[in-house]
Amino acid sequence: MEEEFLSLIKNVKSKKTEAKQKEKKSIWLIFTIGEKCFAIPAENVKEILRDATVFPLPFVPPYVNGVLNRYGDPYVVIDPAVLEGKEAQHSFLFVVLNDESHTCLRITDVKDFYTSTEKEIVYFSEEDVTEFYDGTIKFSGQEVLVMNVKAIIEKVGKEIEAA
């Protein structure tokens with residue numbers, strides 16, 4: 001009888017362990033733009049630059065600050081605050097995105113790399129979807145907006161082509 005109970009307990013523990021291992025985890029870069037926190041998937045981050053010189057460009061939308069030189073390649077600098085209609089940032093901290101677009105986001109500060117489970121991500125419903133955000137995650141007791149980097153890059157690309 002005792003062996004049956006021990007066997008049941010072991011089965012329950014192993015099933016819980018398997019469930020935890022199967023639960024998908026995501027790593028996020030948590031950063032601020034002004035006073036507000038945002039998140040992007042860590043796999044979208046190539047590197048974080050500090051104190052890079054931004055060279056202005058003529059005839060671009062106001063949220064495109066210009067380009068910076070990263071190892072001889074030009075990278076477009078986007079200020080997400082201006083993209084949302086807020087005041088421009090004056091920080092010298094940039095998130096270089098990990099894609100072919102050669103794009104950087106100007107940010108105010110890096111908070112953390114945070115690991116979350118799929119359950120912790122709250123995606124917006126179809127009615128609530130905004131142009132640049134997919135949902136929220138909880139970080140340090142506050143709701144952090146999950147930024148849709150692909151949508152931002154597409155918008156910038158379309159507007160620069162139209163100019």
# chains A, B, ... in the order shown; residues from 1 in each chain; ligands from 1
>>> residues_around(residues="Ile40 (chain A)", least_positions_apart="5", cutoff="10 Å", atoms="only C-alpha atoms", output="list in words")
Ile27, Trp28, Leu29, Ile30, Phe31, Val45, Leu97, Phe113, Tyr133, Val144, Leu145, Val146, Met147, Asn148 and Val149 of chain A
>>> closest_residue(among="A:Pro41, A:Gly157, A:Gly34, A:Pro56", to="Glu87 (chain A)", atoms="only C-alpha atoms")
A:Gly34
>>> residues_around(residues="Val95 (chain A)", least_positions_apart="3", cutoff="6 Å", atoms="only C-alpha atoms", output="PyMOL selection string")
chain A and resi 48+104-105
>>> write_last_selection(atoms="all heavy atoms", output="PDB file, in the first residue's frame")
ATOM      1  N   ILE A  48      23.302  46.941 -27.654  1.00  0.00           N
ATOM      2  CA  ILE A  48      22.886  48.217 -27.073  1.00  0.00           C
ATOM      3  C   ILE A  48      24.096  49.148 -27.156  1.00  0.00           C
ATOM      4  O   ILE A  48      25.181  48.791 -26.700  1.00  0.00           O
ATOM      5  CB  ILE A  48      22.415  48.036 -25.618  1.00  0.00           C
ATOM      6  CG1 ILE A  48      21.207  47.097 -25.591  1.00  0.00           C
ATOM      7  CG2 ILE A  48      22.090  49.380 -24.982  1.00  0.00           C
ATOM      8  CD1 ILE A  48      20.811  46.615 -24.224  1.00  0.00           C
ATOM      9  N   CYS A 104      17.824  51.289 -35.466  1.00  0.00           N
ATOM     10  CA  CYS A 104      18.040  51.431 -34.022  1.00  0.00           C
ATOM     11  C   CYS A 104      16.856  52.167 -33.425  1.00  0.00           C
ATOM     12  O   CYS A 104      16.247  53.009 -34.078  1.00  0.00           O
ATOM     13  CB  CYS A 104      19.274  52.275 -33.719  1.00  0.00           C
ATOM     14  SG  CYS A 104      20.801  51.694 -34.376  1.00  0.00           S
ATOM     15  N   LEU A 105      16.565  51.869 -32.177  1.00  0.00           N
ATOM     16  CA  LEU A 105      15.572  52.627 -31.426  1.00  0.00           C
ATOM     17  C   LEU A 105      16.295  53.474 -30.389  1.00  0.00           C
ATOM     18  O   LEU A 105      17.168  52.977 -29.667  1.00  0.00           O
ATOM     19  CB  LEU A 105      14.604  51.683 -30.698  1.00  0.00           C
ATOM     20  CG  LEU A 105      13.757  50.757 -31.551  1.00  0.00           C
ATOM     21  CD1 LEU A 105      12.927  49.850 -30.650  1.00  0.00           C
ATOM     22  CD2 LEU A 105      12.868  51.546 -32.483  1.00  0.00           C
TER      23      LEU A 105
END
>>> select_by_dssp(residues="region 2-162 of chain A", states="helix (DSSP H, G or I)", output="JSON, numbers by chain")
{"A": [2, 3, 4, 5, 6, 7, 8, 9, 10, 11, 12, 13, 14, 15, 16, 17, 18, 19, 20, 21, 22, 42, 43, 44, 80, 81, 82, 83, 118, 119, 120, 149, 150, 151, 152, 153, 154, 155, 156, 157, 158, 159, 160, 161, 162]}
>>> residues_around(residues="Tyr75 (chain A)", least_positions_apart="5", cutoff="10 Å", atoms="only C-alpha atoms", output="number ranges by chain")
A: 54, 66-70, 96-97, 101-105
>>> write_last_selection(atoms="all heavy atoms", output="CSV table (one decimal), in the first residue's frame")
chain,number,residue,atom,x,y,z
A,54,VAL,N,24.8,60.7,-33.9
A,54,VAL,CA,23.7,60.5,-34.9
A,54,VAL,C,23.8,61.7,-35.9
A,54,VAL,O,23.9,62.8,-35.5
A,54,VAL,CB,22.3,60.6,-34.2
A,54,VAL,CG1,21.2,60.5,-35.2
A,54,VAL,CG2,22.2,59.5,-33.2
A,66,GLY,N,18.1,60.4,-37.8
A,66,GLY,CA,19.2,60.4,-38.7
A,66,GLY,C,19.8,59.0,-38.7
A,66,GLY,O,19.1,58.0,-38.6
A,67,VAL,N,21.1,58.9,-39.0
A,67,VAL,CA,21.8,57.6,-39.0
A,67,VAL,C,23.0,57.6,-38.1
A,67,VAL,O,23.5,58.7,-37.8
A,67,VAL,CB,22.3,57.2,-40.4
A,67,VAL,CG1,21.1,57.0,-41.4
A,67,VAL,CG2,23.2,58.2,-41.0
A,68,LEU,N,23.4,56.5,-37.6
A,68,LEU,CA,24.6,56.3,-36.8
A,68,LEU,C,25.5,55.3,-37.5
A,68,LEU,O,25.0,54.5,-38.3
A,68,LEU,CB,24.3,56.0,-35.4
A,68,LEU,CG,23.6,54.7,-35.0
A,68,LEU,CD1,24.6,53.5,-35.0
A,68,LEU,CD2,23.1,54.9,-33.6
A,69,ASN,N,26.7,55.4,-37.3
A,69,ASN,CA,27.7,54.6,-38.0
A,69,ASN,C,28.0,53.4,-37.0
A,69,ASN,O,28.6,53.6,-35.9
A,69,ASN,CB,29.0,55.4,-38.3
A,69,ASN,CG,30.0,54.5,-39.0
A,69,ASN,OD1,30.0,53.3,-39.0
A,69,ASN,ND2,31.0,55.2,-39.5
A,70,ARG,N,27.7,52.2,-37.4
A,70,ARG,CA,28.0,51.0,-36.6
A,70,ARG,C,28.9,50.1,-37.4
A,70,ARG,O,28.5,49.5,-38.4
A,70,ARG,CB,26.7,50.3,-36.3
A,70,ARG,CG,26.9,49.1,-35.3
A,70,ARG,CD,25.6,48.4,-35.1
A,70,ARG,NE,26.0,47.1,-34.5
A,70,ARG,CZ,26.3,46.0,-35.2
A,70,ARG,NH1,26.3,46.0,-36.5
A,70,ARG,NH2,26.5,44.9,-34.6
A,96,VAL,N,20.1,48.4,-31.0
A,96,VAL,CA,20.3,48.0,-32.4
A,96,VAL,C,19.5,46.8,-32.6
A,96,VAL,O,19.7,45.8,-31.9
A,96,VAL,CB,21.8,47.8,-32.7
A,96,VAL,CG1,22.0,47.3,-34.2
A,96,VAL,CG2,22.7,49.0,-32.4
A,97,LEU,N,18.6,46.8,-33.6
A,97,LEU,CA,17.7,45.7,-33.9
A,97,LEU,C,18.4,44.6,-34.7
A,97,LEU,O,19.2,44.9,-35.6
A,97,LEU,CB,16.4,46.2,-34.5
A,97,LEU,CG,15.6,47.2,-33.7
A,97,LEU,CD1,14.4,47.7,-34.5
A,97,LEU,CD2,15.2,46.7,-32.4
A,101,SER,N,17.0,45.4,-41.6
A,101,SER,CA,16.6,46.8,-41.8
A,101,SER,C,17.6,47.8,-41.4
A,101,SER,O,17.5,49.0,-41.7
A,101,SER,CB,15.3,47.1,-41.1
A,101,SER,OG,15.5,47.1,-39.7
A,102,HIS,N,18.7,47.4,-40.6
A,102,HIS,CA,19.7,48.4,-40.1
A,102,HIS,C,19.0,49.5,-39.4
A,102,HIS,O,19.1,50.7,-39.8
A,102,HIS,CB,20.6,48.9,-41.2
A,102,HIS,CG,21.6,47.9,-41.7
A,102,HIS,ND1,22.9,48.1,-41.8
A,102,HIS,CD2,21.4,46.6,-42.0
A,102,HIS,CE1,23.5,47.1,-42.2
A,102,HIS,NE2,22.7,46.1,-42.3
A,103,THR,N,18.3,49.2,-38.3
A,103,THR,CA,17.5,50.1,-37.6
A,103,THR,C,17.9,50.1,-36.1
A,103,THR,O,18.2,49.1,-35.6
A,103,THR,CB,16.0,49.8,-37.7
A,103,THR,OG1,15.6,49.8,-39.1
A,103,THR,CG2,15.1,50.9,-37.0
A,104,CYS,N,17.8,51.3,-35.5
A,104,CYS,CA,18.0,51.4,-34.0
A,104,CYS,C,16.9,52.2,-33.4
A,104,CYS,O,16.2,53.0,-34.1
A,104,CYS,CB,19.3,52.3,-33.7
A,104,CYS,SG,20.8,51.7,-34.4
A,105,LEU,N,16.6,51.9,-32.2
A,105,LEU,CA,15.6,52.6,-31.4
A,105,LEU,C,16.3,53.5,-30.4
A,105,LEU,O,17.2,53.0,-29.7
A,105,LEU,CB,14.6,51.7,-30.7
A,105,LEU,CG,13.8,50.8,-31.6
A,105,LEU,CD1,12.9,49.8,-30.7
A,105,LEU,CD2,12.9,51.5,-32.5
>>> atom_distance(atom1="CA of Phe59 (chain A)", atom2="CA of Phe132 (chain A)")
23.2 Å
>>> select_by_dssp(residues="region 60-134 of chain A", states="strand (DSSP E)", output="VMD selection string")
chain A and resid 64 to 70 73 to 78 93 to 97 103 to 107 109 to 117 121 to 123 133 to 134
>>> write_last_selection(atoms="C-alpha atoms", output="compact mmCIF listing (two decimals), in the first residue's frame")
# COMPACT_ATOMS: atom_id res chain seq x y z
CA VAL A 64 13.78 59.53 -37.82
CA ASN A 65 16.66 61.23 -36.00
CA GLY A 66 19.20 60.36 -38.69
CA VAL A 67 21.78 57.60 -39.01
CA LEU A 68 24.59 56.34 -36.85
CA ASN A 69 27.72 54.57 -37.96
CA ARG A 70 27.99 51.04 -36.61
CA ASP A 73 27.35 50.48 -41.76
CA PRO A 74 24.65 53.19 -41.49
CA TYR A 75 21.78 52.45 -39.11
CA VAL A 76 18.57 54.49 -39.13
CA VAL A 77 17.76 55.93 -35.69
CA ILE A 78 14.06 56.01 -34.78
CA LEU A 93 21.34 55.14 -25.75
CA PHE A 94 20.27 52.96 -28.67
CA VAL A 95 18.94 49.45 -29.17
CA VAL A 96 20.33 48.05 -32.41
CA LEU A 97 17.70 45.72 -33.85
CA THR A 103 17.49 50.14 -37.57
CA CYS A 104 18.04 51.43 -34.02
CA LEU A 105 15.57 52.63 -31.43
CA ARG A 106 16.52 55.62 -29.27
CA ILE A 107 15.72 54.79 -25.67
CA ASP A 109 17.39 53.60 -20.13
CA VAL A 110 17.78 49.82 -19.99
CA LYS A 111 16.00 48.26 -17.03
CA ASP A 112 16.59 44.51 -17.33
CA PHE A 113 16.49 41.35 -19.38
CA TYR A 114 13.41 39.61 -18.03
CA THR A 115 12.28 36.01 -18.49
CA SER A 116 8.53 35.40 -18.59
CA THR A 117 6.25 32.49 -19.31
CA ILE A 121 1.91 37.83 -21.65
CA VAL A 122 -1.46 39.47 -22.20
CA TYR A 123 -2.11 40.00 -25.89
CA TYR A 133 1.98 47.32 -29.50
CA ASP A 134 1.01 43.66 -29.23
>>> closest_residue(among="A:Ile137, A:Ile33, A:Ile152, A:Ala88", to="Glu120 (chain A)", atoms="only C-alpha atoms")
A:Ile137
>>> closest_residue(among="A:Ser26, A:Ser125, A:Lys36, A:Pro61", to="Gln142 (chain A)", atoms="only C-alpha atoms")
A:Lys36
>>> closest_residue(among="A:Ala42, A:Leu83, A:Ala162, A:Cys37", to="Glu131 (chain A)", atoms="only C-alpha atoms")
A:Leu83
>>> atom_distance(atom1="CA of Asn98 (chain A)", atom2="CA of Phe139 (chain A)")
23.2 Å
>>> closest_residue(among="A:Tyr71, A:Thr130, A:Glu118, A:Pro62", to="Lys24 (chain A)", atoms="only C-alpha atoms")
A:Glu118
>>> atom_distance(atom1="CA of Gly141 (chain A)", atom2="CA of Phe38 (chain A)")
13.6 Å
>>> closest_residue(among="A:Glu161, A:Thr32, A:Ile153, A:Arg50", to="Gln89 (chain A)", atoms="only C-alpha atoms")
A:Thr32
>>> decode(residues="region 141-163 of chain A", atoms="N, CA, C and O atoms", output="JSON list (two decimals), in the first residue's frame")
[["chain", "number", "residue", "atom", "x", "y", "z"],
["A", 141, "GLY", "N", 5.86, 44.53, -10.90],
["A", 141, "GLY", "CA", 4.56, 44.98, -10.44],
["A", 141, "GLY", "C", 3.86, 45.98, -11.34],
["A", 141, "GLY", "O", 2.83, 46.52, -10.96],
["A", 142, "GLN", "N", 4.39, 46.25, -12.51],
["A", 142, "GLN", "CA", 3.73, 47.19, -13.42],
["A", 142, "GLN", "C", 3.52, 46.56, -14.78],
["A", 142, "GLN", "O", 4.23, 45.65, -15.17],
["A", 143, "GLU", "N", 2.55, 47.10, -15.51],
["A", 143, "GLU", "CA", 2.26, 46.64, -16.87],
["A", 143, "GLU", "C", 3.26, 47.31, -17.81],
["A", 143, "GLU", "O", 3.42, 48.52, -17.79],
["A", 144, "VAL", "N", 3.91, 46.50, -18.64],
["A", 144, "VAL", "CA", 4.88, 46.99, -19.60],
["A", 144, "VAL", "C", 4.35, 46.69, -21.00],
["A", 144, "VAL", "O", 3.95, 45.55, -21.28],
["A", 145, "LEU", "N", 4.32, 47.68, -21.87],
["A", 145, "LEU", "CA", 3.84, 47.48, -23.23],
["A", 145, "LEU", "C", 4.85, 46.69, -24.05],
["A", 145, "LEU", "O", 6.05, 46.98, -24.02],
["A", 146, "VAL", "N", 4.36, 45.69, -24.77],
["A", 146, "VAL", "CA", 5.20, 44.89, -25.67],
["A", 146, "VAL", "C", 5.18, 45.57, -27.03],
["A", 146, "VAL", "O", 4.14, 45.66, -27.69],
["A", 147, "MET", "N", 6.33, 46.07, -27.45],
["A", 147, "MET", "CA", 6.45, 46.83, -28.68],
["A", 147, "MET", "C", 6.52, 45.90, -29.89],
["A", 147, "MET", "O", 7.22, 44.89, -29.86],
["A", 148, "ASN", "N", 5.80, 46.26, -30.94],
["A", 148, "ASN", "CA", 5.82, 45.50, -32.20],
["A", 148, "ASN", "C", 6.85, 46.17, -33.11],
["A", 148, "ASN", "O", 6.54, 47.08, -33.87],
["A", 149, "VAL", "N", 8.09, 45.70, -33.01],
["A", 149, "VAL", "CA", 9.20, 46.30, -33.74],
["A", 149, "VAL", "C", 8.98, 46.20, -35.25],
["A", 149, "VAL", "O", 9.27, 47.14, -35.99],
["A", 150, "LYS", "N", 8.45, 45.09, -35.69],
["A", 150, "LYS", "CA", 8.23, 44.88, -37.13],
["A", 150, "LYS", "C", 7.28, 45.95, -37.69],
["A", 150, "LYS", "O", 7.52, 46.50, -38.76],
["A", 151, "ALA", "N", 6.22, 46.27, -36.97],
["A", 151, "ALA", "CA", 5.26, 47.29, -37.42],
["A", 151, "ALA", "C", 5.92, 48.67, -37.50],
["A", 151, "ALA", "O", 5.65, 49.44, -38.43],
["A", 152, "ILE", "N", 6.80, 48.96, -36.56],
["A", 152, "ILE", "CA", 7.49, 50.26, -36.57],
["A", 152, "ILE", "C", 8.41, 50.35, -37.78],
["A", 152, "ILE", "O", 8.41, 51.34, -38.50],
["A", 153, "ILE", "N", 9.17, 49.29, -38.03],
["A", 153, "ILE", "CA", 10.09, 49.28, -39.16],
["A", 153, "ILE", "C", 9.33, 49.40, -40.48],
["A", 153, "ILE", "O", 9.74, 50.13, -41.38],
["A", 154, "GLU", "N", 8.21, 48.69, -40.60],
["A", 154, "GLU", "CA", 7.40, 48.77, -41.82],
["A", 154, "GLU", "C", 6.88, 50.18, -42.05],
["A", 154, "GLU", "O", 6.91, 50.69, -43.17],
["A", 155, "LYS", "N", 6.39, 50.82, -40.98],
["A", 155, "LYS", "CA", 5.87, 52.20, -41.11],
["A", 155, "LYS", "C", 6.98, 53.15, -41.57],
["A", 155, "LYS", "O", 6.78, 53.93, -42.49],
["A", 156, "VAL", "N", 8.13, 53.05, -40.95],
["A", 156, "VAL", "CA", 9.25, 53.92, -41.31],
["A", 156, "VAL", "C", 9.65, 53.67, -42.77],
["A", 156, "VAL", "O", 9.86, 54.62, -43.52],
["A", 157, "GLY", "N", 9.76, 52.41, -43.15],
["A", 157, "GLY", "CA", 10.15, 52.09, -44.52],
["A", 157, "GLY", "C", 9.19, 52.67, -45.54],
["A", 157, "GLY", "O", 9.61, 53.26, -46.54],
["A", 158, "LYS", "N", 7.88, 52.53, -45.29],
["A", 158, "LYS", "CA", 6.88, 53.06, -46.21],
["A", 158, "LYS", "C", 6.96, 54.57, -46.30],
["A", 158, "LYS", "O", 6.85, 55.15, -47.39],
["A", 159, "GLU", "N", 7.11, 55.25, -45.17],
["A", 159, "GLU", "CA", 7.13, 56.71, -45.18],
["A", 159, "GLU", "C", 8.40, 57.27, -45.80],
["A", 159, "GLU", "O", 8.37, 58.31, -46.45],
["A", 160, "ILE", "N", 9.53, 56.57, -45.62],
["A", 160, "ILE", "CA", 10.77, 57.04, -46.24],
["A", 160, "ILE", "C", 10.70, 56.82, -47.76],
["A", 160, "ILE", "O", 11.14, 57.68, -48.53],
["A", 161, "GLU", "N", 10.14, 55.71, -48.19],
["A", 161, "GLU", "CA", 9.99, 55.46, -49.63],
["A", 161, "GLU", "C", 9.08, 56.50, -50.28],
["A", 161, "GLU", "O", 9.31, 56.92, -51.41],
["A", 162, "ALA", "N", 8.04, 56.92, -49.55],
["A", 162, "ALA", "CA", 7.08, 57.89, -50.09],
["A", 162, "ALA", "C", 7.67, 59.30, -50.17],
["A", 162, "ALA", "O", 7.22, 60.12, -50.96],
["A", 163, "ALA", "N", 8.69, 59.56, -49.35],
["A", 163, "ALA", "CA", 9.27, 60.92, -49.30],
["A", 163, "ALA", "C", 10.15, 61.24, -50.47],
["A", 163, "ALA", "O", 10.53, 60.56, -51.29]]
